[in-house]
Amino acid sequence: MNRIAEQYLRQETLPMIFCPGCGDGTVLGAFLRAVDEMKISDQLALVGGIGCSGWMPVYVNADAIHTLHGRAIPVGIGLKVTRPERKVVVFTGDGDAIGIGGNHFIHAARRNVDLTVVMINNSIYGMTGGQMAPTTPSGATTQTSPYGNPEQPFDACRLAEAAGATYVARWTAGHPRQLVKAFKEAIDHPGFAFIEVVTQCPVQAGRYIKGGMDAPEFLADIRKSVVPVAQAERMTPEELAGKTRIGLLHRSQRPELTQQLAAIRGGEKR
Amino acid sequence: MRGSFKVLIDDKWCKGCGLCLAECPKEVLIWSGRRNAKGYNLPAEDPAKACTGCQLCELICPDQAIRVEGEPQ
């Protein structure tokens, strides 16, 4: 076990529940490295929703809340409004954030609350056994779409940007170094920061969508399906078909909710 | 990076997913043929190859079971 894990993971909770080859552990490792570099472990307040990704805060030696399905973001907002000095990081999945909690997600982005929302996107409801999610690609076979998914998936980053998020980035579990940098930027960003991480889910998405349960192969395929934003700008729409853009997708500044609330209170200290 | 490095794999936490083998640019990691208490296949460092200390295996390992030790020269 490496130094970061020894220092920041609750040893009594290990091993993690994640299946062999799941990307969630890699993302958690990248998050811990960002926390270590920023030296903010005592200011952290973590919120986890329901699903595999909702378990990520459970293993971290920091204050954490495990909440109802889809309600991780509203709990994070409440936490940030009452304790604005805390660095609130919400770990959520694709079904949790834009399926069950879709309305909470767009309104948190609209309010521009100073949260960091990490959405693990495995394109399927993994923990419950491989049902179709709002991020499942069109035509993909899952347990609840045996004839192929007839729907179009959500692009969570475009949704966040359109709803008013002020930091939007997308990476994959195959880019841990870039993830460390993105976590640092997102935690420092004053406003709603959203990071989507496309991960391999060798057991559920592998079995139903891909037809193979080999984690390294799955990760290699994810890497082939993405293009960095700078490179995507030089590509034609035909070349970009079926590709996902990764990198820092949007960054802007506008008034943040907890600061606005403090101004209304007349700057009085709680 | 130059220097002597060693890849240490924690048998207790490894789940044998093979991501570290696929990630290593120098193909330093191989299947050891050993299994841990849970029956997962364990990787090991190939004694014939030299680790460059890039730490990609440590970063990619979902179970944080890898530690790369050594000093860059």
# chains A, B, ... in the order shown; residues from 1 in each chain; ligands from 1

$ residues_around --residues "stretch 51-57 of chain B" --least-positions-apart "5" --cutoff "10 Å" --atoms "only C-alpha atoms" --output "number ranges by chain"
A: 174-177; B: 1-7, 18-29, 45-46, 62, 64-72

$ write_last_selection --atoms "N, CA and C atoms" --output "short mmCIF file (atom, residue, chain, number, x, y, z; two decimals), in the first residue's frame"
data_model
loop_
_atom_site.label_atom_id
_atom_site.label_comp_id
_atom_site.auth_asym_id
_atom_site.auth_seq_id
_atom_site.Cartn_x
_atom_site.Cartn_y
_atom_site.Cartn_z
N GLY A 174 -8.36 6.62 -16.92
CA GLY A 174 -7.04 6.37 -17.49
C GLY A 174 -6.16 7.61 -17.52
N HIS A 175 -6.60 8.70 -16.90
CA HIS A 175 -5.82 9.93 -16.84
C HIS A 175 -5.63 10.38 -15.39
N PRO A 176 -4.98 9.55 -14.55
CA PRO A 176 -4.91 9.92 -13.13
C PRO A 176 -4.13 11.20 -12.84
N ARG A 177 -3.06 11.46 -13.59
CA ARG A 177 -2.28 12.68 -13.33
C ARG A 177 -3.09 13.93 -13.66
N MET B 1 13.26 8.84 -15.74
CA MET B 1 13.87 9.02 -14.44
C MET B 1 14.93 7.95 -14.21
N ARG B 2 16.09 8.37 -13.72
CA ARG B 2 17.15 7.40 -13.47
C ARG B 2 17.22 7.08 -11.99
N GLY B 3 17.72 5.90 -11.69
CA GLY B 3 17.85 5.48 -10.31
C GLY B 3 17.42 4.04 -10.18
N SER B 4 17.41 3.54 -8.95
CA SER B 4 16.96 2.16 -8.78
C SER B 4 15.61 2.17 -8.06
N PHE B 5 14.65 1.52 -8.68
CA PHE B 5 13.30 1.52 -8.13
C PHE B 5 12.80 0.10 -7.95
N LYS B 6 11.84 -0.03 -7.05
CA LYS B 6 11.30 -1.33 -6.73
C LYS B 6 9.79 -1.20 -6.66
N VAL B 7 9.06 -2.14 -7.27
CA VAL B 7 7.60 -2.12 -7.21
C VAL B 7 7.16 -3.13 -6.15
N GLY B 18 -5.12 -6.59 -13.19
CA GLY B 18 -4.19 -6.53 -14.32
C GLY B 18 -3.99 -5.15 -14.91
N LEU B 19 -4.57 -4.11 -14.31
CA LEU B 19 -4.41 -2.76 -14.85
C LEU B 19 -2.95 -2.32 -14.80
N CYS B 20 -2.22 -2.71 -13.74
CA CYS B 20 -0.82 -2.31 -13.60
C CYS B 20 0.04 -2.92 -14.70
N LEU B 21 -0.27 -4.16 -15.08
CA LEU B 21 0.50 -4.82 -16.15
C LEU B 21 0.31 -4.08 -17.47
N ALA B 22 -0.96 -3.68 -17.73
CA ALA B 22 -1.26 -3.00 -18.98
C ALA B 22 -0.69 -1.59 -18.99
N GLU B 23 -0.57 -0.98 -17.80
CA GLU B 23 -0.18 0.42 -17.72
C GLU B 23 1.32 0.63 -17.84
N CYS B 24 2.11 -0.32 -17.35
CA CYS B 24 3.57 -0.14 -17.29
C CYS B 24 4.17 0.02 -18.67
N PRO B 25 4.80 1.19 -18.94
CA PRO B 25 5.37 1.41 -20.28
C PRO B 25 6.58 0.53 -20.57
N LYS B 26 7.24 0.01 -19.52
CA LYS B 26 8.43 -0.82 -19.71
C LYS B 26 8.14 -2.31 -19.53
N GLU B 27 6.87 -2.64 -19.35
CA GLU B 27 6.45 -4.04 -19.14
C GLU B 27 7.24 -4.72 -18.02
N VAL B 28 7.39 -3.99 -16.94
CA VAL B 28 8.15 -4.50 -15.79
C VAL B 28 7.34 -5.52 -15.00
N LEU B 29 6.00 -5.35 -15.01
CA LEU B 29 5.17 -6.23 -14.19
C LEU B 29 4.70 -7.44 -14.99
N GLU B 45 7.20 -8.05 -9.97
CA GLU B 45 8.18 -7.35 -10.80
C GLU B 45 9.03 -8.38 -11.52
N ASP B 46 9.20 -8.19 -12.82
CA ASP B 46 10.06 -9.08 -13.61
C ASP B 46 11.52 -8.74 -13.27
N PRO B 62 -6.52 0.54 -8.60
CA PRO B 62 -7.76 0.96 -7.95
C PRO B 62 -7.78 0.64 -6.45
N GLN B 64 -5.06 0.73 -4.46
CA GLN B 64 -3.92 1.38 -3.81
C GLN B 64 -2.96 0.33 -3.22
N ALA B 65 -2.82 -0.79 -3.93
CA ALA B 65 -2.03 -1.90 -3.40
C ALA B 65 -0.56 -1.81 -3.81
N ILE B 66 -0.20 -0.81 -4.63
CA ILE B 66 1.17 -0.74 -5.14
C ILE B 66 1.92 0.44 -4.54
N ARG B 67 3.17 0.18 -4.21
CA ARG B 67 4.07 1.24 -3.76
C ARG B 67 5.35 1.14 -4.58
N VAL B 68 5.74 2.25 -5.19
CA VAL B 68 7.01 2.26 -5.93
C VAL B 68 8.04 2.91 -5.02
N GLU B 69 9.06 2.15 -4.70
CA GLU B 69 10.09 2.66 -3.79
C GLU B 69 11.38 2.90 -4.53
N GLY B 70 12.14 3.86 -4.06
CA GLY B 70 13.44 4.12 -4.67
C GLY B 70 13.71 5.59 -4.77
N GLU B 71 14.96 5.90 -5.02
CA GLU B 71 15.37 7.30 -5.10
C GLU B 71 15.85 7.62 -6.51
N PRO B 72 15.35 8.70 -7.11
CA PRO B 72 15.90 9.11 -8.39
C PRO B 72 17.32 9.62 -8.21
#

$ residues_around --residues "A:His69" --least-positions-apart "6" --cutoff "8 Å" --atoms "only C-alpha atoms" --output "PyMOL selection string"
chain A and resi 49-51+96+100-101

$ select_by_dssp --residues "stretch 19-239 of chain A" --states "strand (DSSP E or B)" --output "PyMOL selection string"
chain A and resi 44-48+60+63-66+87-93+116-121+125+131+142+145+167-172+193-198+226-228

$ interface_residues --of "chain A" --to "chain B" --cutoff "8 Å" --atoms "only C-alpha atoms" --output "list in words"
Met1, Asn2, Arg3, Ala5, Pro15, Met16, Pro20, Gly21, Cys22, Gly23, Asp24, Gly25, Thr26, Val27, Gly29, Ala30, Ala173, Gly174, Pro176, Arg177, Ala215 and Pro216 of chain A

$ select_by_dssp --residues "chain B" --states "helix (DSSP H, G or I)" --output "MDAnalysis selection string"
chainID B and resid 19:23 56:60

$ residues_around --residues "A:Val227" --least-positions-apart "2" --cutoff "10 Å" --atoms "only C-alpha atoms" --output "compact mmCIF listing (two decimals) with N, CA and C atoms, in the first residue's frame"
# COMPACT_ATOMS: atom_id res chain seq x y z
N ARG A 223 -9.91 5.04 -23.60
CA ARG A 223 -8.88 5.99 -24.03
C ARG A 223 -8.98 6.26 -25.53
N LYS A 224 -9.33 5.21 -26.30
CA LYS A 224 -9.45 5.39 -27.76
C LYS A 224 -10.67 6.23 -28.12
N SER A 225 -11.69 6.24 -27.24
CA SER A 225 -12.94 6.92 -27.57
C SER A 225 -12.94 8.39 -27.19
N VAL A 229 -9.65 18.39 -25.80
CA VAL A 229 -10.39 19.53 -26.38
C VAL A 229 -9.59 20.28 -27.44
N ALA A 230 -8.29 20.50 -27.18
CA ALA A 230 -7.46 21.26 -28.12
C ALA A 230 -7.40 20.54 -29.47
N GLN A 231 -7.29 19.21 -29.40
CA GLN A 231 -7.23 18.42 -30.64
C GLN A 231 -8.59 18.39 -31.32
N ALA A 232 -9.67 18.36 -30.53
CA ALA A 232 -11.03 18.29 -31.07
C ALA A 232 -11.37 19.53 -31.89
N GLU A 233 -10.77 20.68 -31.52
CA GLU A 233 -11.04 21.92 -32.24
C GLU A 233 -10.55 21.86 -33.68
N MET A 235 -10.51 19.09 -35.47
CA MET A 235 -11.10 17.94 -36.16
C MET A 235 -12.43 18.31 -36.79
N LEU A 240 -15.10 13.63 -35.49
CA LEU A 240 -15.48 13.68 -34.08
C LEU A 240 -16.66 12.76 -33.75
N LYS A 243 -16.85 10.33 -30.71
CA LYS A 243 -15.76 10.64 -29.79
C LYS A 243 -16.27 11.54 -28.66
N THR A 244 -15.62 11.42 -27.51
CA THR A 244 -15.97 12.26 -26.36
C THR A 244 -14.83 13.22 -26.12
N ARG A 245 -15.15 14.50 -25.90
CA ARG A 245 -14.11 15.49 -25.64
C ARG A 245 -13.69 15.42 -24.18
N ILE A 246 -12.38 15.44 -23.92
CA ILE A 246 -11.91 15.46 -22.53
C ILE A 246 -11.04 16.69 -22.30
N GLY A 247 -10.91 17.06 -21.03
CA GLY A 247 -10.10 18.22 -20.67
C GLY A 247 -10.95 19.24 -19.95

$ closest_residue --among "A:Leu32, A:Val88, A:Met127, A:Val75" --to "A:Leu46" --atoms "only C-alpha atoms"
A:Val88

$ atom_distance --atom1 "atom CA of A:Gly242" --atom2 "atom CA of A:Thr199"
16.7 Å

$ atom_distance --atom1 "atom CA of A:Ala64" --atom2 "atom CA of A:Thr13"
13.7 Å

$ residues_around --residues "B:Asn41" --least-positions-apart "2" --cutoff "8 Å" --atoms "only C-alpha atoms" --output "number ranges by chain"
B: 15-16, 31-36, 39, 43

$ write_last_selection --atoms "C-alpha atoms" --output "mmCIF file, in the first residue's frame"
data_model
loop_
_atom_site.group_PDB
_atom_site.id
_atom_site.type_symbol
_atom_site.label_atom_id
_atom_site.label_comp_id
_atom_site.auth_asym_id
_atom_site.auth_seq_id
_atom_site.Cartn_x
_atom_site.Cartn_y
_atom_site.Cartn_z
ATOM 1 C CA LYS B 15 -7.590 -7.873 -6.627
ATOM 2 C CA GLY B 16 -5.625 -9.116 -9.638
ATOM 3 C CA TRP B 31 1.868 -12.404 -13.448
ATOM 4 C CA SER B 32 3.744 -14.100 -10.619
ATOM 5 C CA GLY B 33 1.749 -17.346 -10.636
ATOM 6 C CA ARG B 34 1.015 -16.816 -6.947
ATOM 7 C CA ARG B 35 -2.452 -16.227 -5.514
ATOM 8 C CA ASN B 36 -3.498 -14.347 -2.397
ATOM 9 C CA GLY B 39 -7.687 -16.385 -4.752
ATOM 10 C CA PRO B 43 1.439 -9.526 -10.271
#

$ residues_around --residues "A:Gly126" --least-positions-apart "5" --cutoff "9 Å" --atoms "only C-alpha atoms" --output "MDAnalysis selection string"
chainID A and resid 51:52 131 201 203:205

$ write_last_selection --atoms "C-alpha atoms" --output "PDB file, in the first residue's frame"
ATOM      1  CA  GLY A  51     -24.323   3.674  -5.995  1.00  0.00           C
ATOM      2  CA  CYS A  52     -20.804   2.352  -6.222  1.00  0.00           C
ATOM      3  CA  GLN A 131     -29.923  -1.472 -15.764  1.00  0.00           C
ATOM      4  CA  CYS A 201     -17.060  -0.897 -15.164  1.00  0.00           C
ATOM      5  CA  VAL A 203     -18.469  -6.276 -14.425  1.00  0.00           C
ATOM      6  CA  GLN A 204     -21.761  -4.594 -15.374  1.00  0.00           C
ATOM      7  CA  ALA A 205     -21.035  -2.299 -18.341  1.00  0.00           C
TER       8      ALA A 205
END

$ residues_around --residues "stretch 256-260 of chain A" --least-positions-apart "4" --cutoff "10 Å" --atoms "only C-alpha atoms" --output "list in words"
Ile77, Lys80, Val81, Thr82, Arg83, Pro84, Ala108, Arg110, Arg111, Asn112, Val113, Asp114, Thr166, Pro190, Gly191, Phe192, Ile264, Arg265, Gly266 and Gly267 of chain A

$ decode --residues "stretch 73-107 of chain A" --atoms "N, CA and C atoms" --output "short mmCIF file (atom, residue, chain, number, x, y, z; two decimals), in the first residue's frame"
data_model
loop_
_atom_site.label_atom_id
_atom_site.label_comp_id
_atom_site.auth_asym_id
_atom_site.auth_seq_id
_atom_site.Cartn_x
_atom_site.Cartn_y
_atom_site.Cartn_z
N ILE A 73 -26.24 16.13 -3.83
CA ILE A 73 -25.95 17.54 -4.11
C ILE A 73 -26.73 18.48 -3.16
N PRO A 74 -28.05 18.28 -2.95
CA PRO A 74 -28.74 19.15 -1.98
C PRO A 74 -28.15 19.07 -0.57
N VAL A 75 -27.70 17.90 -0.15
CA VAL A 75 -27.07 17.78 1.16
C VAL A 75 -25.76 18.58 1.16
N GLY A 76 -25.04 18.51 0.06
CA GLY A 76 -23.81 19.29 -0.09
C GLY A 76 -24.07 20.78 -0.03
N ILE A 77 -25.17 21.22 -0.66
CA ILE A 77 -25.52 22.65 -0.64
C ILE A 77 -25.81 23.08 0.80
N GLY A 78 -26.61 22.28 1.52
CA GLY A 78 -26.93 22.61 2.91
C GLY A 78 -25.69 22.72 3.76
N LEU A 79 -24.77 21.79 3.54
CA LEU A 79 -23.51 21.76 4.28
C LEU A 79 -22.68 23.01 3.99
N LYS A 80 -22.62 23.37 2.72
CA LYS A 80 -21.80 24.53 2.32
C LYS A 80 -22.41 25.83 2.84
N VAL A 81 -23.75 25.93 2.82
CA VAL A 81 -24.40 27.16 3.27
C VAL A 81 -24.22 27.36 4.77
N THR A 82 -24.28 26.24 5.54
CA THR A 82 -24.14 26.38 6.99
C THR A 82 -22.68 26.45 7.43
N ARG A 83 -21.79 25.78 6.71
CA ARG A 83 -20.37 25.80 7.05
C ARG A 83 -19.56 26.21 5.83
N PRO A 84 -19.61 27.52 5.46
CA PRO A 84 -18.95 27.94 4.21
C PRO A 84 -17.44 27.77 4.21
N GLU A 85 -16.82 27.59 5.40
CA GLU A 85 -15.36 27.46 5.43
C GLU A 85 -14.91 26.06 5.00
N ARG A 86 -15.85 25.11 4.92
CA ARG A 86 -15.50 23.75 4.55
C ARG A 86 -15.34 23.60 3.03
N LYS A 87 -14.46 22.70 2.63
CA LYS A 87 -14.32 22.36 1.21
C LYS A 87 -15.24 21.16 0.97
N VAL A 88 -16.40 21.41 0.39
CA VAL A 88 -17.39 20.35 0.22
C VAL A 88 -17.19 19.67 -1.14
N VAL A 89 -16.97 18.36 -1.10
CA VAL A 89 -16.80 17.59 -2.33
C VAL A 89 -17.87 16.50 -2.37
N VAL A 90 -18.64 16.49 -3.45
CA VAL A 90 -19.73 15.52 -3.59
C VAL A 90 -19.30 14.44 -4.58
N PHE A 91 -19.37 13.18 -4.15
CA PHE A 91 -19.09 12.05 -5.04
C PHE A 91 -20.41 11.44 -5.45
N THR A 92 -20.62 11.36 -6.75
CA THR A 92 -21.90 10.88 -7.22
C THR A 92 -21.70 10.09 -8.51
N GLY A 93 -22.70 9.33 -8.88
CA GLY A 93 -22.58 8.55 -10.11
C GLY A 93 -23.43 9.15 -11.20
N ASP A 94 -23.42 8.55 -12.37
CA ASP A 94 -24.22 9.11 -13.46
C ASP A 94 -25.71 8.98 -13.18
N GLY A 95 -26.13 7.84 -12.65
CA GLY A 95 -27.54 7.67 -12.33
C GLY A 95 -27.96 8.56 -11.18
N ASP A 96 -27.07 8.68 -10.19
CA ASP A 96 -27.34 9.48 -9.01
C ASP A 96 -27.45 10.97 -9.36
N ALA A 97 -26.52 11.48 -10.18
CA ALA A 97 -26.45 12.92 -10.46
C ALA A 97 -27.47 13.35 -11.51
N ILE A 98 -27.51 12.67 -12.64
CA ILE A 98 -28.37 13.20 -13.71
C ILE A 98 -29.56 12.31 -14.00
N GLY A 99 -29.69 11.18 -13.29
CA GLY A 99 -30.90 10.37 -13.40
C GLY A 99 -31.85 10.74 -12.27
N ILE A 100 -31.64 10.13 -11.11
CA ILE A 100 -32.52 10.36 -9.96
C ILE A 100 -32.41 11.81 -9.47
N GLY A 101 -31.20 12.34 -9.43
CA GLY A 101 -31.03 13.69 -8.88
C GLY A 101 -30.85 14.75 -9.95
N GLY A 102 -31.39 14.54 -11.12
CA GLY A 102 -31.18 15.47 -12.24
C GLY A 102 -31.59 16.89 -11.93
N ASN A 103 -32.73 17.06 -11.28
CA ASN A 103 -33.21 18.41 -11.00
C ASN A 103 -32.32 19.10 -9.98
N HIS A 104 -31.86 18.36 -8.97
CA HIS A 104 -30.95 18.94 -7.98
C HIS A 104 -29.66 19.39 -8.64
N PHE A 105 -29.20 18.58 -9.59
CA PHE A 105 -27.94 18.86 -10.28
C PHE A 105 -28.02 20.18 -11.06
N ILE A 106 -29.07 20.34 -11.88
CA ILE A 106 -29.13 21.57 -12.71
C ILE A 106 -29.35 22.80 -11.84
N HIS A 107 -30.09 22.66 -10.72
CA HIS A 107 -30.33 23.84 -9.89
C HIS A 107 -29.11 24.21 -9.05
#
